[in-house]
Amino acid sequence: MPADEPAENISGGDGGGGAFAAFDAGDGETRAEAVVDVLGELYWRKAYGGQDAFECLVRTVLSQNTSDKASQPAHDALMARYGAGDDDTDAGGDDDGAGDAGADEDDADLAAALAAADRDELADTISSAGLYNQKSKTIVALADRVVDEYGGADGFDEFVRSGDPDEVRETLLDMNGVGPKTADCVLLFAGGRGGVFPVDTHVHRISRRIGLAPPDADHEAVREHLEAAVPAEKCGFGHTAMIQFGREYCSARTPACLDGPDACPMADRCDRVGVDAASGDIVDPADADAAAD
């Protein structure tokens, strides 16, 4: 396994942070761990941590209810206008002067800049992410709180990285606009915390479809099942790899198994809850479970 990140990157780009995670695939002691080990044979195994906590929080807010394709340009534009010119961000906006406002100082504090931002201007900057009026309101409120309680982005970063994980998660969940997935992503990608398995739409669907969690489990119940069954050092990779698996093989409407068991590398470990390969009908696992009753 090469030390460098491969061309196909499931970590969120050059700014994803983290390093190769050398765990043995194929020796899972639980079914969920065995599934993650299969993913470890498909994708570059990676451990996470190292992102700036406040930027990570902002990035995750931007990603809510939209795709990476839509949220990434919004993040880049935001960093170009309000950030400190971080080399890890492929910031756009050079041609329209977007980088001229709020980013003149190399040591500019992103939280302070966003706390002072004009909301209409911020909304326009992040418009590609959708729901930009609500997201701009959330981001400014989060920035205000981070500046008031932690003195800025650096203080917040220290809290996320060194604070008690349960306290950090509870604090994040107390912030307006921050749900469980957002809190867990900050703990994972910024804090580098082991045992954190964020549950997004892909993870929620796939875990129940495979049979790793009850068909009617909500996002929090799925998280609890996965974190209890997957070793701490494999949880972060399991999250990103399951997302990639959902995009490549186990999509919501056209899972690969419709083309036969040989089309999916997870075929021998999957219950295919809600998937009728004979008819091609696909329903949410919870609906399939209710129909069976």
# chains A, B, ... in the order shown; residues from 1 in each chain; ligands from 1
>>> select_by_dssp(residues="range 79-270 of chain A", states="alpha helix (DSSP H)", output="ChimeraX atom specification")
/A:79-82,110-115,119-125,132-150,153-162,165-173,180-185,201-210,219-229,232-248
>>> residues_around(residues="range 169-184 of chain A", least_positions_apart="5", cutoff="8 Å", atoms="only C-alpha atoms", output="list in words")
Leu57, Thr60, Val61, Thr138, Ala141, Leu142, Val196, Phe197, Pro198, Val199, Asp200 and Glu220 of chain A
>>> write_last_selection(atoms="C-alpha atoms", output="mmCIF file, in the first residue's frame")
data_model
loop_
_atom_site.group_PDB
_atom_site.id
_atom_site.type_symbol
_atom_site.label_atom_id
_atom_site.label_comp_id
_atom_site.auth_asym_id
_atom_site.auth_seq_id
_atom_site.Cartn_x
_atom_site.Cartn_y
_atom_site.Cartn_z
ATOM 1 C CA LEU A 57 -17.901 22.890 11.171
ATOM 2 C CA THR A 60 -20.299 20.458 7.209
ATOM 3 C CA VAL A 61 -23.060 23.047 7.585
ATOM 4 C CA THR A 138 -26.449 29.546 10.957
ATOM 5 C CA ALA A 141 -24.511 32.552 14.690
ATOM 6 C CA LEU A 142 -21.947 29.752 15.071
ATOM 7 C CA VAL A 196 -16.781 8.050 15.802
ATOM 8 C CA PHE A 197 -18.914 6.770 12.895
ATOM 9 C CA PRO A 198 -20.927 9.674 11.422
ATOM 10 C CA VAL A 199 -24.167 8.581 9.785
ATOM 11 C CA ASP A 200 -25.249 10.376 6.640
ATOM 12 C CA GLU A 220 -28.771 7.830 15.888
#
>>> residues_around(residues="range 189-193 of chain A", least_positions_apart="3", cutoff="9 Å", atoms="only C-alpha atoms", output="list in words")
Gly16, Gly17, Gly18, Ala47, Tyr48, Gly49, Gly50, Gln51, Asp52, Ala53, Phe54, Glu55, Cys56, Leu57, Asp157, Glu158, Phe159, Val160, Arg161, Ser162, Pro165, Asp184, Cys185, Val186, Val196, Ala232, Glu233 and Gly236 of chain A
>>> closest_residue(among="A:Tyr132, A:Phe245, A:Phe237, A:Phe156", to="Leu62 in chain A", atoms="only C-alpha atoms")
A:Tyr132
>>> residues_around(residues="range 40-45 of chain A", least_positions_apart="4", cutoff="7 Å", atoms="only C-alpha atoms", output="compact mmCIF listing (two decimals) with C-alpha atoms, in the first residue's frame")
# COMPACT_ATOMS: atom_id res chain seq x y z
CA PHE A 20 -2.98 5.75 6.03
CA ALA A 21 -4.60 3.44 8.58
CA ALA A 25 -8.82 -6.43 6.45
CA VAL A 36 -15.75 -2.48 6.98
CA PHE A 237 -12.61 4.90 7.47
CA ALA A 241 -15.72 4.17 2.61
>>> closest_residue(among="A:Thr240, A:Ala77, A:Glu224, A:Gly211", to="Asp268 in chain A", atoms="only C-alpha atoms")
A:Gly211
>>> closest_residue(among="A:Ala292, A:Met266, A:Ala256, A:Ala143", to="Gly280 in chain A", atoms="only C-alpha atoms")
A:Ala256
>>> atom_distance(atom1="CA of Arg269 in chain A", atom2="CA of Asp68 in chain A")
28.6 Å
